[in-house]
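Chemist: As input, take data35.txt (compact mmCIF, C-alpha atoms):
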```
# COMPACT_ATOMS: atom_id res chain seq x y z
CA MET A 1 11.05 -24.90 -2.13
CA GLY A 2 9.72 -23.03 0.87
CA TRP A 3 11.16 -21.21 3.84
CA ILE A 4 9.63 -19.96 7.06
CA PRO A 5 10.64 -18.05 10.18
CA SER A 6 11.76 -20.21 13.06
CA ALA A 7 9.41 -20.59 16.02
CA ASN A 8 9.85 -21.33 19.71
CA ASN A 9 8.62 -24.95 19.67
CA LYS A 10 8.35 -27.92 17.34
CA GLY A 11 4.59 -27.74 16.97
CA SER A 12 4.71 -24.12 15.96
CA ARG A 13 7.50 -24.88 13.48
CA ILE A 14 5.44 -27.56 11.78
CA GLY A 15 2.48 -25.17 11.65
CA TYR A 16 4.68 -22.59 9.99
CA ALA A 17 5.79 -25.18 7.43
CA CYS A 18 2.18 -25.90 6.44
CA LEU A 19 0.96 -22.32 6.28
CA ALA A 20 3.86 -20.07 5.39
CA VAL A 21 3.91 -20.64 1.63
CA LEU A 22 0.14 -20.14 1.30
CA LEU A 23 0.21 -17.01 3.42
CA LEU A 24 3.34 -15.47 1.97
CA LEU A 25 2.24 -15.81 -1.65
CA PRO A 26 -0.75 -13.44 -1.33
CA VAL A 27 1.50 -10.95 0.44
CA SER A 28 4.47 -10.76 -1.89
CA GLY A 29 4.20 -13.40 -4.57
CA LEU A 30 1.13 -13.09 -6.77
CA SER A 31 1.33 -9.31 -7.01
CA GLN A 32 5.12 -9.34 -6.32
CA GLU A 33 4.67 -6.68 -3.64
CA THR A 34 3.36 -6.48 -0.11
CA ASP A 35 -0.41 -6.02 -0.19
CA HIS A 36 -1.16 -2.79 1.68
CA GLY A 37 -4.74 -2.78 0.45
CA PHE A 38 -6.40 0.23 -1.12
CA GLY A 39 -5.97 3.60 0.53
CA TYR A 40 -5.39 7.28 -0.06
CA GLN A 41 -2.77 7.76 2.65
CA SER A 42 -0.22 5.72 0.69
CA LEU A 43 -1.46 6.76 -2.75
CA ALA A 44 1.77 8.59 -3.63
CA VAL A 45 3.50 5.20 -4.08
CA ASN A 46 0.94 4.14 -6.70
CA ASN A 47 0.15 7.44 -8.42
CA PRO A 48 2.70 10.29 -8.46
CA SER A 49 0.13 12.76 -9.86
CA VAL A 50 -1.52 13.15 -6.42
CA ALA A 51 1.48 15.09 -5.10
CA GLY A 52 0.34 18.48 -3.85
CA VAL A 53 -3.40 18.04 -4.50
CA GLU A 54 -4.39 19.21 -1.00
CA GLU A 55 -4.17 22.76 0.25
CA TYR A 56 -1.49 21.87 2.78
CA GLY A 57 1.99 20.45 2.86
CA THR A 58 1.33 17.17 4.67
CA PHE A 59 3.37 14.59 6.55
CA ARG A 60 1.89 11.07 6.58
CA LEU A 61 2.98 8.18 8.78
CA SER A 62 1.29 4.78 8.99
CA TYR A 63 2.00 1.34 10.44
CA ILE A 64 0.43 -1.97 9.38
CA ASN A 65 0.56 -5.22 11.35
CA HIS A 66 -0.24 -8.02 8.87
CA TYR A 67 -2.03 -11.14 10.17
CA PRO A 68 -2.17 -9.96 13.82
CA GLY A 69 -2.25 -12.68 16.44
CA GLN A 70 -0.61 -15.27 14.15
CA ASN A 71 3.04 -14.62 15.16
CA TYR A 72 4.10 -14.28 11.52
CA ASN A 73 6.01 -11.09 12.28
CA PHE A 74 4.90 -9.19 9.14
CA HIS A 75 5.01 -5.41 9.49
CA SER A 76 4.93 -2.39 7.16
CA VAL A 77 5.79 1.24 7.83
CA TYR A 78 5.03 4.12 5.47
CA PHE A 79 6.22 7.75 5.54
CA SER A 80 5.70 10.57 3.06
CA TYR A 81 5.58 14.32 2.65
CA ASP A 82 3.99 16.20 -0.23
CA SER A 83 3.11 19.81 -0.99
CA TYR A 84 2.35 22.24 -3.79
CA PHE A 85 5.23 24.49 -4.88
CA GLN A 86 4.52 27.64 -6.85
CA SER A 87 8.07 27.73 -8.25
CA VAL A 88 7.58 24.45 -10.14
CA HIS A 89 3.88 24.95 -10.98
CA GLY A 90 2.93 21.69 -9.34
CA GLY A 91 3.35 19.32 -6.46
CA ALA A 92 6.27 17.26 -5.20
CA SER A 93 6.48 14.37 -2.76
CA VAL A 94 9.01 12.12 -1.09
CA PHE A 95 8.12 8.70 0.34
CA LEU A 96 9.72 5.77 2.14
CA THR A 97 8.25 2.34 2.93
CA ASN A 98 9.67 -0.63 4.79
CA ASP A 99 8.05 -4.09 4.66
CA TYR A 100 9.45 -6.52 7.22
CA LEU A 101 8.37 -10.09 6.41
CA GLY A 102 9.06 -12.60 9.14
CA GLY A 103 12.64 -11.55 9.76
CA ILE A 104 13.74 -13.13 6.46
CA VAL A 105 12.64 -10.74 3.71
CA ASN A 106 12.89 -6.98 4.03
CA ASP A 107 11.62 -4.71 1.24
CA LEU A 108 12.76 -1.10 1.47
CA ARG A 109 11.39 1.41 -1.05
CA GLY A 110 11.88 5.13 -1.35
CA GLY A 111 11.44 7.76 -4.00
CA VAL A 112 10.39 11.20 -5.14
CA ALA A 113 7.53 12.32 -7.38
CA TYR A 114 6.57 15.44 -9.29
CA SER A 115 3.09 16.39 -10.49
CA TYR A 116 2.36 19.20 -12.94
CA HIS A 117 -0.98 20.91 -12.25
CA LEU A 118 -2.88 22.24 -15.25
CA GLN A 119 -6.20 24.06 -15.44
CA ALA A 120 -7.77 22.59 -18.58
CA GLY A 121 -11.19 24.25 -18.25
CA ARG A 122 -13.31 26.39 -16.02
CA GLU A 123 -13.83 23.52 -13.58
CA LEU A 124 -11.54 20.87 -15.03
CA TYR A 125 -8.03 20.30 -13.72
CA ILE A 126 -5.46 17.75 -14.90
CA ASN A 127 -2.37 16.56 -13.06
CA ALA A 128 0.42 14.61 -14.76
CA GLY A 129 3.03 12.99 -12.55
CA LEU A 130 6.32 11.10 -12.72
CA SER A 131 8.14 9.20 -9.99
CA ALA A 132 11.67 7.86 -9.56
CA SER A 133 12.42 5.39 -6.80
CA PHE A 134 14.58 2.54 -5.58
CA PHE A 135 13.45 -0.91 -4.47
CA HIS A 136 15.80 -2.85 -2.17
CA ARG A 137 15.04 -6.46 -1.25
CA GLY A 138 17.18 -7.99 1.47
CA PHE A 139 17.32 -11.58 2.72
CA ASN A 140 18.41 -13.13 6.00
CA PHE A 141 18.14 -16.93 6.16
CA SER A 142 19.95 -17.38 9.48
CA ASP A 143 16.68 -18.01 11.36
CA ALA A 144 14.85 -19.78 8.53
CA LEU A 145 13.44 -23.29 8.80
CA PHE A 146 13.03 -25.35 5.61
CA PRO A 147 10.47 -28.15 5.14
CA ASP A 148 13.17 -30.75 4.42
CA GLN A 149 14.64 -30.17 7.90
CA ILE A 150 11.56 -31.59 9.61
CA ASP A 151 11.68 -35.38 10.15
CA LEU A 152 8.78 -37.77 10.70
CA MET A 153 8.98 -37.34 14.47
CA GLY A 154 8.51 -33.59 14.22
CA SER A 155 12.11 -32.69 14.95
CA ALA A 156 13.87 -29.91 13.07
CA SER A 157 17.48 -31.09 13.22
CA LEU A 158 17.99 -32.43 9.69
CA PRO A 159 20.38 -30.52 7.41
CA THR A 160 18.71 -28.68 4.56
CA SER A 161 19.46 -29.34 0.91
CA GLU A 162 18.56 -25.77 -0.02
CA ASN A 163 21.48 -23.75 -1.36
CA LEU A 164 20.54 -20.14 -0.78
CA SER A 165 22.71 -17.12 -0.21
CA ASP A 166 21.81 -13.79 1.33
CA GLN A 167 21.87 -11.96 -2.00
CA ASN A 168 20.45 -8.52 -1.53
CA ARG A 169 19.27 -6.60 -4.56
CA THR A 170 18.60 -2.90 -5.25
CA ILE A 171 16.86 -1.75 -8.42
CA PHE A 172 15.81 1.58 -9.92
CA ASP A 173 12.14 2.08 -10.73
CA VAL A 174 10.00 4.70 -12.48
CA GLY A 175 6.28 5.35 -12.66
CA SER A 176 3.78 7.77 -14.16
CA GLY A 177 0.21 8.79 -13.56
CA PHE A 178 -2.62 11.17 -14.40
CA MET A 179 -5.37 12.67 -12.32
CA LEU A 180 -8.56 14.53 -13.26
CA MET A 181 -10.55 16.83 -11.00
CA TYR A 182 -13.97 18.13 -12.06
CA ARG A 183 -16.28 19.83 -9.59
CA ASN A 184 -16.66 17.37 -6.71
CA TYR A 185 -15.27 14.36 -8.59
CA SER A 186 -11.68 13.20 -8.91
CA GLY A 187 -9.94 10.15 -10.29
CA GLY A 188 -6.63 8.89 -11.58
CA LEU A 189 -4.82 6.20 -13.54
CA ALA A 190 -1.19 5.29 -12.94
CA ILE A 191 1.41 2.78 -14.14
CA THR A 192 4.38 1.85 -11.95
CA HIS A 193 7.38 -0.42 -12.70
CA LEU A 194 7.47 0.97 -16.24
CA ALA A 195 10.86 -0.63 -17.01
CA GLN A 196 9.88 -3.94 -15.34
CA PRO A 197 13.17 -4.10 -13.38
CA ASP A 198 14.78 -7.45 -12.62
CA LEU A 199 14.44 -7.95 -8.88
CA ASN A 200 16.63 -11.08 -8.62
CA ASN A 201 19.19 -10.24 -11.33
CA ASP A 202 18.96 -13.70 -12.88
CA GLY A 203 17.59 -12.66 -16.27
CA GLU A 204 14.40 -14.70 -15.87
CA PRO A 205 11.30 -12.83 -17.11
CA VAL A 206 9.19 -14.27 -14.30
CA GLU A 207 11.35 -12.48 -11.72
CA ARG A 208 10.87 -9.04 -13.23
CA LEU A 209 8.48 -6.73 -11.43
CA LYS A 210 5.37 -6.67 -13.57
CA ARG A 211 3.88 -3.32 -14.52
CA LYS A 212 1.23 -2.29 -12.02
CA TYR A 213 -1.87 -0.49 -13.32
CA PHE A 214 -3.75 1.40 -10.63
CA PHE A 215 -7.12 3.18 -10.98
CA HIS A 216 -8.96 5.25 -8.38
CA ILE A 217 -12.01 7.53 -8.36
CA LYS A 218 -13.97 9.31 -5.66
CA GLY A 219 -16.69 11.87 -5.11
CA ASP A 220 -17.31 14.43 -2.38
CA PHE A 221 -20.90 15.29 -1.47
CA GLU A 222 -22.36 17.43 1.33
CA LEU A 223 -25.04 15.78 3.44
CA GLY A 224 -26.14 19.13 4.79
CA LYS A 225 -24.52 22.54 5.04
CA ARG A 226 -25.64 23.03 8.62
CA SER A 227 -24.40 19.66 9.81
CA GLY A 228 -21.06 19.93 8.02
CA MET A 229 -21.30 16.23 7.16
CA GLU A 230 -19.85 14.86 3.92
CA ILE A 231 -19.79 11.47 2.23
CA GLU A 232 -17.07 10.33 -0.16
CA PRO A 233 -17.80 7.23 -2.27
CA LEU A 234 -14.60 5.46 -3.37
CA LEU A 235 -13.61 2.98 -6.06
CA PHE A 236 -10.20 1.33 -6.64
CA ALA A 237 -8.74 -1.29 -8.97
CA ALA A 238 -5.23 -2.71 -9.45
CA VAL A 239 -3.74 -5.10 -12.02
CA GLN A 240 -0.21 -6.53 -11.88
CA GLY A 241 0.67 -9.61 -13.91
CA ASP A 242 -1.80 -12.33 -12.95
CA TYR A 243 -3.04 -10.34 -9.96
CA PHE A 244 -6.28 -8.36 -9.98
CA GLY A 245 -7.93 -6.61 -7.08
CA ALA A 246 -10.76 -4.10 -6.72
CA GLY A 247 -12.42 -2.27 -3.88
CA ALA A 248 -15.41 -0.02 -3.28
CA GLY A 249 -16.72 1.82 -0.26
CA ALA A 250 -17.24 5.20 1.32
CA SER A 251 -15.99 7.59 3.97
CA ALA A 252 -18.45 9.77 5.89
CA GLY A 253 -17.92 12.45 8.53
CA ASN A 254 -17.13 16.08 9.22
CA GLN A 255 -13.98 18.09 9.85
CA VAL A 256 -13.46 16.41 13.24
CA VAL A 257 -14.51 12.76 13.04
CA ALA A 258 -15.12 10.33 10.16
CA ALA A 259 -15.75 6.63 9.55
CA ASN A 260 -15.11 4.46 6.51
CA VAL A 261 -15.79 1.01 5.11
CA LEU A 262 -14.34 -0.76 2.05
CA LEU A 263 -15.23 -4.07 0.39
CA MET A 264 -12.27 -5.64 -1.47
CA LEU A 265 -12.28 -8.50 -3.99
CA LYS A 266 -9.28 -10.34 -5.48
CA ASN A 267 -8.94 -12.89 -8.26
CA SER A 268 -7.36 -15.26 -5.74
CA GLY A 269 -10.90 -15.78 -4.42
CA ASN A 270 -10.47 -13.59 -1.33
CA THR A 271 -13.20 -11.21 -0.21
CA ASP A 272 -12.10 -8.74 2.48
CA ILE A 273 -13.69 -5.87 4.37
CA GLN A 274 -11.89 -2.92 5.89
CA ALA A 275 -13.49 -0.55 8.39
CA GLY A 276 -11.99 2.38 10.23
CA PHE A 277 -12.34 5.79 11.80
CA SER A 278 -10.38 9.02 12.12
CA PHE A 279 -10.17 12.08 14.34
CA ARG A 280 -8.82 15.47 13.40
CA LYS A 281 -7.76 18.31 15.71
CA GLU A 282 -6.73 21.34 13.69
CA ASN A 283 -3.66 20.26 11.68
CA LEU A 284 -3.16 16.85 13.34
CA ALA A 285 -5.22 13.76 12.46
CA PHE A 286 -5.21 10.17 13.73
CA PHE A 287 -6.70 7.20 11.87
CA TYR A 288 -7.19 3.48 12.44
CA ASN A 289 -8.33 0.77 10.00
CA TYR A 290 -8.99 -2.94 10.56
CA ARG A 291 -9.09 -5.38 7.65
CA PHE A 292 -10.59 -8.85 7.95
CA ASN A 293 -11.31 -11.75 5.61
CA LEU A 294 -14.88 -12.80 4.77
CA LEU A 295 -14.10 -15.44 2.15
CA SER A 296 -10.75 -17.09 1.50
CA GLY A 297 -9.71 -18.66 -1.78
CA ASN A 298 -7.43 -21.17 -0.01
CA SER A 299 -9.51 -21.70 3.16
CA LEU A 300 -6.44 -21.04 5.34
CA LEU A 301 -6.33 -17.25 5.39
CA PRO A 302 -6.86 -16.00 8.97
CA PHE A 303 -9.86 -13.83 9.82
CA SER A 304 -7.76 -10.87 10.95
CA LEU A 305 -5.69 -9.60 8.03
CA ALA A 306 -4.28 -6.27 9.17
CA HIS A 307 -4.37 -3.51 11.74
CA GLN A 308 -3.39 -0.10 10.37
CA THR A 309 -2.85 3.05 12.38
CA GLY A 310 -1.35 6.37 11.41
CA LEU A 311 -0.98 10.12 11.75
CA THR A 312 -1.09 13.03 9.34
CA TYR A 313 0.15 16.51 10.08
CA ARG A 314 -0.52 19.58 7.96
CA LEU A 315 2.65 21.59 8.11
CA ASN A 316 1.55 24.72 6.29
CA LYS A 317 -1.22 26.05 4.08
CA VAL A 318 -0.09 26.66 0.51
CA GLU A 319 -1.23 29.64 -1.53
CA LYS A 320 -2.02 27.83 -4.75
CA ARG A 321 -2.03 29.23 -8.25
CA LEU A 322 -5.12 27.14 -9.02
CA LYS A 323 -7.37 28.07 -6.16
CA TYR A 324 -9.99 25.39 -6.77
CA GLY A 325 -7.73 22.68 -8.18
CA THR A 326 -7.52 20.80 -4.88
CA ILE A 327 -9.18 17.81 -3.27
CA LYS A 328 -9.36 16.41 0.23
CA LEU A 329 -7.84 12.96 0.67
CA PRO A 330 -9.83 10.73 3.06
CA LEU A 331 -7.99 9.10 5.97
CA ILE A 332 -8.15 5.59 4.52
```
Could I get this structure in the form of C-alpha cells?

Modeler:
Amino acid sequence: MGWIPSANNKGSRIGYACLAVLLLLPVSGLSQETDHGFGYQSLAVNNPSVAGVEEYGTFRLSYINHYPGQNYNFHSVYFSYDSYFQSVHGGASVFLTNDYLGGIVNDLRGGVAYSYHLQAGRELYINAGLSASFFHRGFNFSDALFPDQIDLMGSASLPTSENLSDQNRTIFDVGSGFMLMYRNYSGGLAITHLAQPDLNNDGEPVERLKRKYFFHIKGDFELGKRSGMEIEPLLFAAVQGDYFGAGAGASAGNQVVAANVLLMLKNSGNTDIQAGFSFRKENLAFFYNYRFNLLSGNSLLPFSLAHQTGLTYRLNKVEKRLKYGTIKLPLI
C-alpha cells in the first residue's frame, strides 16, 4: 500500500506514485519520526538534561523545508524555551514541534523537561533530566492519490480499493537523559520513548515507537584570546529500531559570526553534508543551515534535502548556583 499527495497534473501524479514511498520512508518510516538531522537547537527533544545549561533563559524557533524544490510539501517547525531556575536547583524547558508531511500526515509533539544540576567535582558537573510529552499523529486522506487509481493511460480516475479512515492518535511519552561537563568538554546520552507507546493503537509491536538512543559530545577550544575565535568539534549518534545515524563536524567563529559543517552517515546508505552560518547581535541570533545528499542508498534521493532557518533570543541572564556549570550551545 502507498499513498501520496495529489498534484496538479497527471505526469506529476505518476511521478509522486513512483517516488513517494521511497522518500517518505527515510523521513518517518525507518526511524518512525521525521528526520530533523543532528543539531543543538532542537536538542531538548532528544535529551532533557540540556535544559538550563546556558547562562540565559532562551527562546528557540526554527523552520525546516524538507526536499526543497520537489513540491513534496514537507515542513517542520520547532519552538522551545529553557532556563535555569534556582528554586528547583536545575533547568526546565518546554517545547513544541509540528511536522507537516504532504498535507496527509501531521505530527504534533509537545512536552516539558526538567534537569537537575549537580556539581560532582571541582570541574565536573552532571545533569540528569526527565521529560514528559505528547505525540499526536493526524491523517487527512481527502487529497491523497493511491497507486491503484492510476490506469495504463496515466489517468487517475479509478476507484481505490484502500480502506483507510482518518484515525488520529495521541499518545503519552517519557524520556530521560544525562549530561557531563568537564572543563571545555561536554556530552550526553539520552533515551526517549521509554514506554514504547503504541502509535496506531492496533496492538502490533511493529507499530510501537521504538526506544531512541541519542549520544552527543562536543569540545570548546579558543583559537586565540586576542581574536576571540573558538572552534567546537561535534559528534552525534542515534539508534532507533533498525535505524542508525551518526554525524561529525565542527562550528567555528566568535561572538558575532560563526560557520559550521557536519558530515552525516546513515545505515540506509545515505551520506549527507550540512553547512551553515549564524550571526549574533547582543541577545538575538539568526542561523541558517543547508543539508544536501552526497550518496543515496536508493539512488532516488534528491540532492537538496533541507533548508533550515531559525532565531534564538536570550531573554534574561540567570544567576546560577553553579557558576561554571554551563556550556554554550552552537547554532546548529

Chemist: Within 9 Å of (4.2, 9.6, -14.7) (coordinates as in the file), grab all the protein and nucleic acid residues, counting only C-alpha atoms, and write them out as a PyMOL selection string.

Modeler: chain A and resi 47-49+113-115+128-131+174-178+190-192

Chemist: Have a look at A:Gly39, A:Ser227, A:Asp198, A:His307 and name the one nearest to Ala246 (chain A); count all atoms listed in the file.

Modeler: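 Using all atoms listed in the file, Ala246 (chain A) sits closest to A:Gly39.
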
Chemist: For the atom pair CA of Gly52 (chain A) and CA of Tyr81 (chain A), what is the interatomic distance in Å to one decimal place?

Modeler: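 Separation of CA of Gly52 (chain A) and CA of Tyr81 (chain A): 9.3 Å.
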
Chemist: Give me, as a PDB file with C-alpha atoms, in the frame of the given file, all polymer residues having an atom no more than 10 Å from Thr271 (chain A), counting all atoms listed in the file and skipping those fewer than 2 positions away in the same chain.

Modeler:
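Printed below is selection.pdb as written:
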```
ATOM      1  CA  GLY A 245      -7.930  -6.610  -7.080  1.00  0.00           C
ATOM      2  CA  ALA A 246     -10.760  -4.100  -6.720  1.00  0.00           C
ATOM      3  CA  GLY A 247     -12.420  -2.270  -3.880  1.00  0.00           C
ATOM      4  CA  LEU A 263     -15.230  -4.070   0.390  1.00  0.00           C
ATOM      5  CA  MET A 264     -12.270  -5.640  -1.470  1.00  0.00           C
ATOM      6  CA  LEU A 265     -12.280  -8.500  -3.990  1.00  0.00           C
ATOM      7  CA  LYS A 266      -9.280 -10.340  -5.480  1.00  0.00           C
ATOM      8  CA  ASN A 267      -8.940 -12.890  -8.260  1.00  0.00           C
ATOM      9  CA  SER A 268      -7.360 -15.260  -5.740  1.00  0.00           C
ATOM     10  CA  GLY A 269     -10.900 -15.780  -4.420  1.00  0.00           C
ATOM     11  CA  ILE A 273     -13.690  -5.870   4.370  1.00  0.00           C
ATOM     12  CA  PHE A 292     -10.590  -8.850   7.950  1.00  0.00           C
ATOM     13  CA  ASN A 293     -11.310 -11.750   5.610  1.00  0.00           C
ATOM     14  CA  LEU A 294     -14.880 -12.800   4.770  1.00  0.00           C
ATOM     15  CA  LEU A 295     -14.100 -15.440   2.150  1.00  0.00           C
ATOM     16  CA  SER A 296     -10.750 -17.090   1.500  1.00  0.00           C
ATOM     17  CA  GLY A 297      -9.710 -18.660  -1.780  1.00  0.00           C
TER      18      GLY A 297
END
```

Chemist: Just the residues within 8 Å of Leu118 (chain A), please, counting only C-alpha atoms, with nothing from its chain fewer than 6 positions along; format it as a list in words.

Modeler: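 Contacts, in chain order: Tyr125, Ile126 and Asn127 of chain A.
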
Chemist: Hey, can you check how far CA of Gly241 (chain A) sits from CA of Glu33 (chain A)?

Modeler: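 Distance reported for this atom pair: 11.4 Å.
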
Chemist: Counting all atoms listed in the file, find residues at most 7 Å from (13.8, -8.4, 4.8) (file frame) and give them as a ChimeraX atom specification.

Modeler: /A:100-101,103-107,137-140
